[in-house]
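Shown below: data-v2.txt, with compact mmCIF, C-alpha atoms.
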```
# COMPACT_ATOMS: atom_id res chain seq x y z
CA MET A 1300 -3.28 -30.12 -21.43
CA SER A 1301 -3.98 -32.13 -18.29
CA LEU A 1302 -5.44 -30.47 -15.23
CA LEU A 1303 -2.21 -30.99 -13.26
CA ILE A 1304 -0.09 -29.37 -16.02
CA PHE A 1305 -2.58 -26.49 -16.28
CA LEU A 1306 -2.51 -25.89 -12.52
CA ALA A 1307 1.27 -26.05 -12.44
CA SER A 1308 1.57 -23.51 -15.26
CA SER A 1309 -0.98 -21.24 -13.59
CA LEU A 1310 0.87 -21.33 -10.28
CA HIS A 1311 4.14 -20.61 -12.06
CA ALA A 1312 2.60 -17.58 -13.79
CA GLN A 1313 1.18 -16.29 -10.50
CA ARG A 1314 4.61 -16.60 -8.87
CA GLN A 1315 6.13 -14.63 -11.76
CA PHE A 1316 3.54 -11.86 -11.42
CA THR A 1317 3.84 -11.77 -7.63
CA ASP A 1318 7.65 -11.66 -7.72
CA ALA A 1319 7.57 -8.83 -10.29
CA LEU A 1320 5.02 -6.87 -8.26
CA VAL A 1321 6.92 -7.26 -4.99
CA ARG A 1322 10.12 -6.09 -6.71
CA ALA A 1323 8.32 -3.08 -8.21
CA LEU A 1324 7.00 -1.95 -4.82
CA SER A 1325 10.17 -2.77 -2.88
CA GLY A 1326 11.16 -0.08 -0.39
CA THR A 1327 7.77 1.67 -0.52
CA GLU A 1328 4.54 1.62 1.48
CA ALA A 1329 2.53 1.13 -1.71
CA SER A 1330 0.02 -1.63 -2.35
CA ALA A 1331 -1.13 -3.07 -5.65
CA VAL A 1332 -3.16 -5.75 -7.36
CA VAL A 1333 -2.93 -7.35 -10.79
CA LEU A 1334 -5.90 -9.03 -12.50
CA ASP A 1335 -6.28 -11.14 -15.60
CA GLN A 1336 -8.44 -8.79 -17.66
CA VAL A 1337 -10.17 -11.64 -19.49
CA THR A 1338 -11.16 -13.78 -16.49
CA GLY A 1339 -10.94 -11.33 -13.60
CA ALA A 1340 -8.68 -13.73 -11.69
CA VAL A 1341 -6.24 -12.16 -9.23
CA LEU A 1342 -2.72 -12.78 -10.56
CA ALA A 1343 -0.83 -10.95 -7.82
CA GLN A 1344 -1.32 -8.76 -4.75
CA ALA A 1345 1.20 -6.91 -2.63
CA GLY A 1346 0.93 -4.54 0.31
CA LYS A 1347 -1.99 -3.68 2.55
CA GLN A 1348 -5.40 -3.35 0.93
CA ARG A 1349 -6.95 -0.08 2.13
CA SER A 1350 -9.73 2.15 0.85
CA ALA A 1351 -9.33 5.81 -0.04
CA LEU A 1352 -10.80 8.57 -2.19
CA LEU A 1353 -9.96 8.03 -5.85
CA GLY A 1354 -9.09 11.49 -7.14
CA SER A 1355 -8.93 11.64 -10.93
CA ALA A 1356 -8.84 7.84 -11.22
CA ILE A 1357 -12.65 8.02 -11.09
CA LYS A 1358 -12.92 10.27 -14.16
CA PRO A 1359 -13.00 7.60 -16.91
CA LEU A 1360 -15.51 5.53 -14.94
CA LEU A 1361 -17.98 8.41 -14.75
CA LEU A 1362 -17.18 9.70 -18.23
CA GLU A 1363 -18.26 6.45 -19.88
CA TYR A 1364 -21.61 6.63 -18.07
CA ALA A 1365 -22.01 10.31 -18.99
CA LEU A 1366 -21.37 9.56 -22.68
CA GLU A 1367 -23.74 6.59 -22.67
CA HIS A 1368 -26.54 8.64 -21.11
CA GLY A 1369 -26.10 11.92 -22.95
CA VAL A 1370 -24.84 13.97 -20.01
CA VAL A 1371 -21.94 15.08 -22.23
CA ARG A 1372 -20.86 14.34 -25.79
CA ALA A 1373 -17.48 13.43 -27.19
CA ASP A 1374 -17.29 16.89 -28.77
CA THR A 1375 -18.42 18.85 -25.70
CA GLU A 1376 -16.00 21.80 -25.53
CA VAL A 1377 -14.89 23.54 -22.34
CA TYR A 1378 -12.46 26.46 -22.10
CA CYS A 1379 -9.95 25.92 -19.30
CA ARG A 1380 -8.42 28.90 -17.49
CA ARG A 1381 -6.41 26.45 -15.33
CA LYS A 1382 -7.68 28.08 -12.12
CA LEU A 1383 -10.57 26.26 -10.48
CA ASN A 1384 -12.14 26.74 -7.05
CA ILE A 1385 -14.95 24.57 -5.71
CA ALA A 1386 -16.39 24.91 -2.22
CA GLY A 1387 -13.39 26.96 -1.16
CA ARG A 1388 -10.89 24.42 -2.47
CA ALA A 1389 -8.28 25.42 -5.04
CA LEU A 1390 -8.16 22.70 -7.71
CA PRO A 1391 -5.96 24.14 -10.47
CA CYS A 1392 -5.33 22.18 -13.65
CA ALA A 1393 -1.77 20.91 -14.09
CA HIS A 1394 -1.86 20.27 -17.85
CA PRO A 1395 -0.04 22.49 -20.38
CA ALA A 1396 -1.71 25.81 -21.16
CA ASP A 1397 -0.99 25.91 -24.90
CA GLN A 1398 -4.37 24.45 -25.99
CA PRO A 1399 -7.01 25.76 -23.57
CA VAL A 1400 -10.12 24.28 -25.26
CA PHE A 1401 -10.80 20.65 -24.37
CA THR A 1402 -13.14 17.97 -25.65
CA ALA A 1403 -13.77 14.71 -23.81
CA GLU A 1404 -10.84 12.63 -25.08
CA ARG A 1405 -8.09 15.15 -24.41
CA ALA A 1406 -9.71 16.25 -21.15
CA LEU A 1407 -9.39 12.66 -19.95
CA ALA A 1408 -5.83 12.23 -21.25
CA GLU A 1409 -4.65 15.46 -19.61
CA SER A 1410 -7.00 15.19 -16.62
CA CYS A 1411 -8.56 18.64 -17.01
CA ASN A 1412 -10.35 19.38 -13.74
CA THR A 1413 -12.24 22.27 -15.34
CA TRP A 1414 -13.76 20.03 -18.03
CA PHE A 1415 -14.81 17.40 -15.50
CA ALA A 1416 -16.20 20.03 -13.13
CA GLU A 1417 -18.42 21.08 -16.02
CA MET A 1418 -19.45 17.45 -16.47
CA GLY A 1419 -20.34 17.41 -12.77
CA ARG A 1420 -22.47 20.51 -13.29
CA ARG A 1421 -24.41 18.73 -16.05
CA PHE A 1422 -25.16 15.65 -13.94
CA SER A 1423 -28.37 15.77 -11.97
CA GLY A 1424 -28.19 14.31 -8.47
CA GLU A 1425 -30.27 11.33 -9.60
CA GLU A 1426 -28.06 10.69 -12.63
CA LEU A 1427 -24.86 10.89 -10.64
CA ASP A 1428 -26.20 8.57 -7.96
CA ALA A 1429 -27.17 6.06 -10.69
CA ALA A 1430 -23.68 6.33 -12.18
CA LEU A 1431 -22.05 5.71 -8.81
CA ARG A 1432 -24.28 2.69 -8.16
CA GLN A 1433 -23.25 1.23 -11.52
CA LEU A 1434 -19.59 1.42 -10.51
CA ASP A 1435 -20.25 -0.98 -7.62
CA LEU A 1436 -17.85 0.99 -5.40
CA PRO A 1437 -18.54 2.17 -1.84
CA HIS A 1438 -20.12 5.61 -2.08
CA GLN A 1439 -22.34 8.13 -0.35
CA GLN A 1440 -25.75 8.84 -1.84
CA ILE A 1441 -25.70 12.22 -3.54
CA ILE A 1442 -29.26 12.72 -4.86
CA SER A 1443 -29.85 15.73 -2.61
CA GLY A 1444 -26.28 17.03 -2.82
CA SER A 1445 -25.40 20.53 -3.97
CA LEU A 1446 -23.80 21.40 -7.30
CA GLU A 1447 -20.41 21.71 -5.61
CA GLN A 1448 -20.82 18.30 -3.98
CA ARG A 1449 -21.59 16.77 -7.38
CA GLN A 1450 -18.54 18.41 -8.91
CA LEU A 1451 -16.27 17.19 -6.11
CA ALA A 1452 -17.67 13.66 -6.52
CA VAL A 1453 -16.90 13.71 -10.26
CA LEU A 1454 -13.36 14.87 -9.47
CA GLY A 1455 -12.95 11.95 -7.06
CA LEU A 1456 -12.64 14.20 -4.02
CA ARG A 1457 -15.84 13.32 -2.23
CA GLY A 1458 -18.13 10.39 -1.61
CA VAL A 1459 -16.47 7.46 -3.40
CA THR A 1460 -13.71 5.25 -1.99
CA ALA A 1461 -12.13 1.99 -3.12
CA SER A 1462 -9.38 -0.47 -2.37
CA PRO A 1463 -6.90 -1.42 -5.11
CA LEU A 1464 -8.81 -4.67 -5.72
CA GLN A 1465 -12.17 -2.87 -6.00
CA LEU A 1466 -10.75 -0.28 -8.37
CA ALA A 1467 -9.11 -2.96 -10.51
CA HIS A 1468 -12.45 -4.73 -10.95
CA ALA A 1469 -14.11 -1.39 -11.78
CA TYR A 1470 -11.55 -0.73 -14.55
CA ARG A 1471 -11.96 -4.25 -15.88
CA GLU A 1472 -15.72 -3.67 -16.14
CA LEU A 1473 -15.10 -0.28 -17.75
CA LEU A 1474 -12.99 -1.82 -20.52
CA LYS A 1475 -15.78 -4.34 -21.18
CA ARG A 1476 -18.29 -1.49 -21.69
CA ALA A 1477 -16.20 1.18 -23.38
CA PRO A 1478 -15.82 0.70 -27.16
CA ALA A 1479 -12.28 -0.15 -28.23
CA ASP A 1480 -12.21 2.84 -30.60
CA GLY A 1481 -14.26 5.09 -28.31
CA VAL A 1482 -13.49 8.26 -26.40
CA VAL A 1483 -12.66 6.64 -23.07
CA GLN A 1484 -10.22 4.04 -24.37
CA ARG A 1485 -8.54 6.62 -26.62
CA GLY A 1486 -8.32 9.04 -23.70
CA LEU A 1487 -6.78 6.40 -21.45
CA ARG A 1488 -4.25 5.53 -24.13
CA GLY A 1489 -3.45 9.22 -24.56
CA SER A 1490 -3.03 9.62 -20.81
CA VAL A 1491 -0.11 7.18 -20.89
CA SER A 1492 1.36 8.26 -24.22
CA TYR A 1493 1.26 12.06 -23.72
CA GLY A 1494 -0.88 12.94 -20.71
CA MET A 1495 -0.80 12.75 -16.95
CA ALA A 1496 0.03 9.03 -16.77
CA ARG A 1497 3.24 9.26 -18.83
CA PRO A 1498 5.39 7.90 -15.96
CA ALA A 1499 3.73 4.49 -16.56
CA ALA A 1500 4.73 4.26 -20.25
CA VAL A 1501 6.81 1.29 -21.42
CA SER A 1502 8.25 1.21 -24.93
CA GLY A 1503 6.58 -1.39 -27.13
CA ILE A 1504 3.57 -1.99 -24.86
CA VAL A 1505 0.12 -0.45 -25.38
CA ILE A 1506 -1.07 0.69 -21.96
CA LEU A 1507 -4.33 2.42 -21.11
CA GLY A 1508 -4.15 4.18 -17.77
CA LYS A 1509 -5.17 6.96 -15.43
CA THR A 1510 -3.62 8.57 -12.38
CA GLY A 1511 -5.40 10.04 -9.37
CA THR A 1512 -4.37 12.19 -6.41
CA ALA A 1513 -6.52 13.01 -3.38
CA SER A 1514 -6.42 13.53 0.36
CA ASP A 1515 -8.84 11.86 2.72
CA PRO A 1516 -10.76 13.96 5.28
CA GLY A 1517 -8.57 14.96 8.21
CA GLU A 1518 -5.32 14.15 6.41
CA ALA A 1519 -2.79 16.84 5.46
CA TRP A 1520 -0.98 14.61 2.95
CA THR A 1521 -2.12 13.26 -0.40
CA HIS A 1522 -2.24 9.70 -1.67
CA GLY A 1523 -1.84 8.55 -5.25
CA TRP A 1524 -3.42 6.04 -7.61
CA PHE A 1525 -2.61 4.51 -10.95
CA ALA A 1526 -5.07 2.21 -12.72
CA GLY A 1527 -3.85 0.69 -15.98
CA VAL A 1528 -4.71 -1.97 -18.51
CA ILE A 1529 -2.76 -3.90 -21.13
CA PRO A 1530 -5.78 -4.62 -23.35
CA ASN A 1531 -7.00 -8.23 -23.21
CA ARG A 1532 -4.18 -9.10 -20.81
CA LEU A 1533 -3.72 -7.36 -17.48
CA VAL A 1534 -5.26 -4.82 -15.14
CA ILE A 1535 -2.96 -3.23 -12.57
CA VAL A 1536 -3.84 -0.80 -9.80
CA VAL A 1537 -1.21 0.80 -7.57
CA TYR A 1538 -2.00 2.82 -4.43
CA VAL A 1539 0.61 5.02 -2.73
CA PRO A 1540 -0.48 6.15 0.76
CA HIS A 1541 1.83 9.18 0.81
CA GLY A 1542 2.39 10.54 -2.67
CA ASP A 1543 0.55 11.34 -5.86
CA GLY A 1544 -0.64 9.77 -9.09
CA GLY A 1545 2.69 10.28 -10.79
CA SER A 1546 4.53 8.28 -8.15
CA ALA A 1547 1.93 5.49 -8.40
CA ALA A 1548 2.32 5.43 -12.20
CA GLY A 1549 6.10 5.19 -11.81
CA LEU A 1550 5.74 2.12 -9.61
CA ALA A 1551 3.37 0.56 -12.14
CA GLN A 1552 5.99 1.18 -14.83
CA ARG A 1553 8.53 -0.81 -12.79
CA PHE A 1554 6.12 -3.75 -12.89
CA LEU A 1555 4.99 -3.39 -16.51
CA ALA A 1556 8.59 -3.15 -17.75
CA ASN A 1557 8.94 -6.85 -16.84
CA PHE A 1558 6.46 -7.89 -19.52
CA GLY A 1559 6.52 -8.02 -23.29
CA PRO A 1560 3.94 -6.59 -25.71
CA GLU A 1561 1.63 -9.58 -25.18
CA GLY A 1562 1.60 -9.22 -21.39
CA ALA A 1563 3.72 -12.34 -20.88
CA ALA A 1564 6.73 -12.35 -18.61
CA ARG A 1565 10.04 -11.78 -20.36
```
Render the structure in this file as structure tokens.
Amino acid sequence: MSLLIFLASSLHAQRQFTDALVRALSGTEASAVVLDQVTGAVLAQAGKQRSALLGSAIKPLLLEYALEHGVVRADTEVYCRRKLNIAGRALPCAHPADQPVFTAERALAESCNTWFAEMGRRFSGEELDAALRQLDLPHQQIISGSLEQRQLAVLGLRGVTASPLQLAHAYRELLKRAPADGVVQRGLRGSVSYGMARPAAVSGIVILGKTGTASDPGEAWTHGWFAGVIPNRLVIVVYVPHGDGGSAAGLAQRFLANFGPEGAAR
């Protein structure tokens, strides 16, 4: 293929991705970015790039570090009573109550705050600061932070912010580190197939994804995130400035429904 033909085909693909993304976000204040997972190239962007706390979208990023460094194990069990309070904040779990004992994979798929608060308890300040540095996301140093501050950081409610583009690159790096048959990738797949990210599911397409909901300091409303990957094809991150992770996942689904199982435009 000549360089001119290659450039023409690349520009055509970018226009397809951009058109699909703009249509998916039409009528909303959301912003989003799509990356080529293999090369990291930006395939499409839409909306205003802004930084915000990540909520539960940070959980898989920190879980992979915690598993690699022995902070938790895949079979670490935590009993969830669904009611959780940290530093005076009520952070109840929203997952079903029928199976109250969680290990790492299902805790990620169903976004169990109680399990991840326990992971935050097991991090030392030094370990958590090292994990946050590895993410290459803007964050506050937490070495001297209290237990509650560490737990809030692990839940994505303190200290770490990102733009859609920054979070997309973080998820791309995560999928390069996390084993294909490992806890994190299985948990992200479960999140879309039966867990908190179900609104992003598209029949016939394998999607790994995670939602997040948080409110920034001084704001009464929440914002929502969805970060998802079609393995070896695409990374998509959607940010909704007034909403939650479910609404962000629904917008991602509008985009992903335009593409076949191989991540190519239909």
Using all atoms listed in the file for the distances, tell me which of A:Pro1437, A:Gly1489, A:Pro1540, A:Gly1511 is nearest to Ala1461 of chain A.
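Closest to Ala1461 of chain A, using all atoms listed in the file: A:Pro1437.
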Per residue of segment 1355-1462 of chain A within 9 Å of segment 1477-1488 of chain A, what are the shortest atom pair and its distance in Å to one decimal, counting all atoms listed in the file, with rows by chain and residue number, as JSON lines?
```
{"residue": "A:Pro1359", "atom": "CA", "partner": "A:Val1483", "partner_atom": "CA", "distance": 6.2}
{"residue": "A:Leu1360", "atom": "CA", "partner": "A:Val1483", "partner_atom": "CA", "distance": 8.7}
{"residue": "A:Leu1362", "atom": "CA", "partner": "A:Val1483", "partner_atom": "CA", "distance": 7.3}
{"residue": "A:Glu1363", "atom": "CA", "partner": "A:Val1483", "partner_atom": "CA", "distance": 6.4}
{"residue": "A:Leu1366", "atom": "CA", "partner": "A:Val1482", "partner_atom": "CA", "distance": 8.8}
{"residue": "A:Ala1373", "atom": "CA", "partner": "A:Val1482", "partner_atom": "CA", "distance": 6.6}
{"residue": "A:Ala1403", "atom": "CA", "partner": "A:Val1482", "partner_atom": "CA", "distance": 7.0}
{"residue": "A:Glu1404", "atom": "CA", "partner": "A:Gly1486", "partner_atom": "CA", "distance": 4.6}
{"residue": "A:Arg1405", "atom": "CA", "partner": "A:Gly1486", "partner_atom": "CA", "distance": 6.2}
{"residue": "A:Ala1406", "atom": "CA", "partner": "A:Gly1486", "partner_atom": "CA", "distance": 7.8}
{"residue": "A:Leu1407", "atom": "CA", "partner": "A:Gly1486", "partner_atom": "CA", "distance": 5.3}
{"residue": "A:Ala1408", "atom": "CA", "partner": "A:Gly1486", "partner_atom": "CA", "distance": 4.7}
{"residue": "A:Glu1409", "atom": "CA", "partner": "A:Gly1486", "partner_atom": "CA", "distance": 8.5}
```
Just give me the residues with any atom within 8 Å of (-19.0, 22.0, -10.3), file coordinates, counting all atoms listed in the file, written as a list in words.
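Here is the list of nearby residues: Ile1385, Ala1416, Glu1417, Met1418, Gly1419, Arg1420, Leu1446, Glu1447, Gln1448, Arg1449, Gln1450 and Leu1451 of chain A.
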May I ask which of the residues A:Ser1423, A:Ser1546, A:Thr1460, A:Gln1440 is the closest one to Asp1515 of chain A, counting all atoms listed in the file?
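Under the stated criterion, the closest residue is A:Thr1460.
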My list of candidates is A:Tyr1470, A:Tyr1364, A:Tyr1378, A:Phe1401. Which is closest to Gly1339 of chain A when distances are computed with only C-alpha atoms?
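The shortest atom-to-atom distance to Gly1339 of chain A comes from A:Tyr1470.
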Coordinates-based distance that separates atom CA of Val1501 of chain A from atom CA of Ile1535 of chain A (Å, one decimal):
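Taking atom CA of Ile1535 of chain A as the start and atom CA of Val1501 of chain A as the end point, the length is 13.9 Å.
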In Å, with one decimal, what is the gap from atom CA of Ala1469 of chain A to atom CA of Phe1316 of chain A?
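Distance between the two atoms: 20.5 Å.
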May I have the residues within 10 Å of Ser1330 of chain A as a PyMOL selection string, using all atoms listed in the file and disregarding those fewer than 4 positions away in the same chain?
chain A and resi 1320-1321+1324+1344-1349+1462-1464+1524+1536-1540+1547+1550
Rounded to one decimal, what separation in Å do you get between atom CA of Ala1496 of chain A and atom CA of Gly1549 of chain A?
8.7 Å
Using all atoms listed in the file, which protein or nucleic acid residues come within 6 Å of Val1333 of chain A? Drop anything in the same chain fewer than 3 positions from it, and give the result as a list in words.
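Within the cut-off, the hits are Leu1342, Ala1343, Val1534 and Ile1535 of chain A.
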Residue with smallest distance to Arg1421 of chain A - pool A:Ala1467, A:Val1370, A:Leu1390, A:Leu1436, counting all atoms listed in the file:
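Selected residue with least distance to Arg1421 of chain A: A:Val1370.
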Between A:Ala1329, A:Ala1365, A:Cys1379, A:Ala1499, which has the minimum distance to Ala1396 of chain A (counting all atoms listed in the file)?
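Closest to Ala1396 of chain A of all the choices is A:Cys1379.
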Applying 10 Å and only C-alpha atoms, which residues near Thr1338 of chain A remain after dropping the ones on its own chain fewer than 3 positions away? List them as JSON, numbers by chain.
{"A": [1334, 1335, 1341, 1471, 1531, 1532, 1533]}
Can you tell me which residues surround Ser1514 of chain A at a distance of at most 12 Å, considering only C-alpha atoms, apart from same-chain residues fewer than 2 positions away, and format the answer as a compact mmCIF listing (two decimals) with C-alpha atoms, in the frame of the given file?
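The resulting out.txt:
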```txt
# COMPACT_ATOMS: atom_id res chain seq x y z
CA SER A 1350 -9.73 2.15 0.85
CA ALA A 1351 -9.33 5.81 -0.04
CA LEU A 1352 -10.80 8.57 -2.19
CA LEU A 1353 -9.96 8.03 -5.85
CA GLY A 1354 -9.09 11.49 -7.14
CA SER A 1355 -8.93 11.64 -10.93
CA GLY A 1455 -12.95 11.95 -7.06
CA LEU A 1456 -12.64 14.20 -4.02
CA ARG A 1457 -15.84 13.32 -2.23
CA THR A 1460 -13.71 5.25 -1.99
CA GLY A 1511 -5.40 10.04 -9.37
CA THR A 1512 -4.37 12.19 -6.41
CA PRO A 1516 -10.76 13.96 5.28
CA GLY A 1517 -8.57 14.96 8.21
CA GLU A 1518 -5.32 14.15 6.41
CA ALA A 1519 -2.79 16.84 5.46
CA TRP A 1520 -0.98 14.61 2.95
CA THR A 1521 -2.12 13.26 -0.40
CA HIS A 1522 -2.24 9.70 -1.67
CA GLY A 1523 -1.84 8.55 -5.25
CA TRP A 1524 -3.42 6.04 -7.61
CA VAL A 1539 0.61 5.02 -2.73
CA PRO A 1540 -0.48 6.15 0.76
CA HIS A 1541 1.83 9.18 0.81
CA GLY A 1542 2.39 10.54 -2.67
CA ASP A 1543 0.55 11.34 -5.86
CA GLY A 1544 -0.64 9.77 -9.09
```
Given only C-alpha atoms as the counted atoms, nearest of A:Pro1530, A:Gly1458, A:Gly1369, A:Gly1424 to Lys1475 of chain A:
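Nearest to Lys1475 of chain A: A:Pro1530.
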Could you give me the axis-aligned bounding box of segment 1520-1536 of chain A, with 4 Å of padding per side, as centre plus edge lengths in Å to one decimal, as lines of an AutoDock Vina configuration file?
```
center_x = -4.0
center_y = 2.8
center_z = -10.2
size_x = 14.0
size_y = 31.7
size_z = 34.3
```
Step by step: locate segment 1540-1553 of chain A in the block above, keep N, CA and C atoms, then write the file as a compact mmCIF listing (two decimals), in the first residue's frame.
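Result file is part.txt:
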```
# COMPACT_ATOMS: atom_id res chain seq x y z
N PRO A 1540 -20.77 15.33 32.49
CA PRO A 1540 -20.56 16.28 33.59
C PRO A 1540 -21.69 16.33 34.61
N HIS A 1541 -22.89 15.96 34.23
CA HIS A 1541 -24.01 15.91 35.15
C HIS A 1541 -24.71 14.57 34.93
N GLY A 1542 -24.40 13.60 35.75
CA GLY A 1542 -24.96 12.27 35.56
C GLY A 1542 -24.21 11.26 36.38
N ASP A 1543 -24.19 10.02 35.90
CA ASP A 1543 -23.52 8.96 36.64
C ASP A 1543 -22.87 7.98 35.66
N GLY A 1544 -22.25 6.94 36.21
CA GLY A 1544 -21.57 5.99 35.35
C GLY A 1544 -22.49 5.25 34.40
N GLY A 1545 -23.71 4.98 34.85
CA GLY A 1545 -24.65 4.29 33.98
C GLY A 1545 -25.00 5.10 32.75
N SER A 1546 -25.17 6.41 32.92
CA SER A 1546 -25.49 7.26 31.76
C SER A 1546 -24.29 7.35 30.82
N ALA A 1547 -23.08 7.38 31.37
CA ALA A 1547 -21.88 7.39 30.52
C ALA A 1547 -21.76 6.09 29.74
N ALA A 1548 -22.05 4.96 30.39
CA ALA A 1548 -22.00 3.66 29.72
C ALA A 1548 -23.03 3.59 28.61
N GLY A 1549 -24.21 4.16 28.84
CA GLY A 1549 -25.24 4.16 27.80
C GLY A 1549 -24.82 4.93 26.57
N LEU A 1550 -24.11 6.05 26.76
CA LEU A 1550 -23.61 6.81 25.62
C LEU A 1550 -22.53 6.03 24.88
N ALA A 1551 -21.67 5.33 25.64
CA ALA A 1551 -20.65 4.50 25.00
C ALA A 1551 -21.31 3.41 24.15
N GLN A 1552 -22.41 2.85 24.65
CA GLN A 1552 -23.11 1.81 23.91
C GLN A 1552 -23.61 2.34 22.57
N ARG A 1553 -24.09 3.59 22.55
CA ARG A 1553 -24.54 4.19 21.29
C ARG A 1553 -23.40 4.19 20.26
```
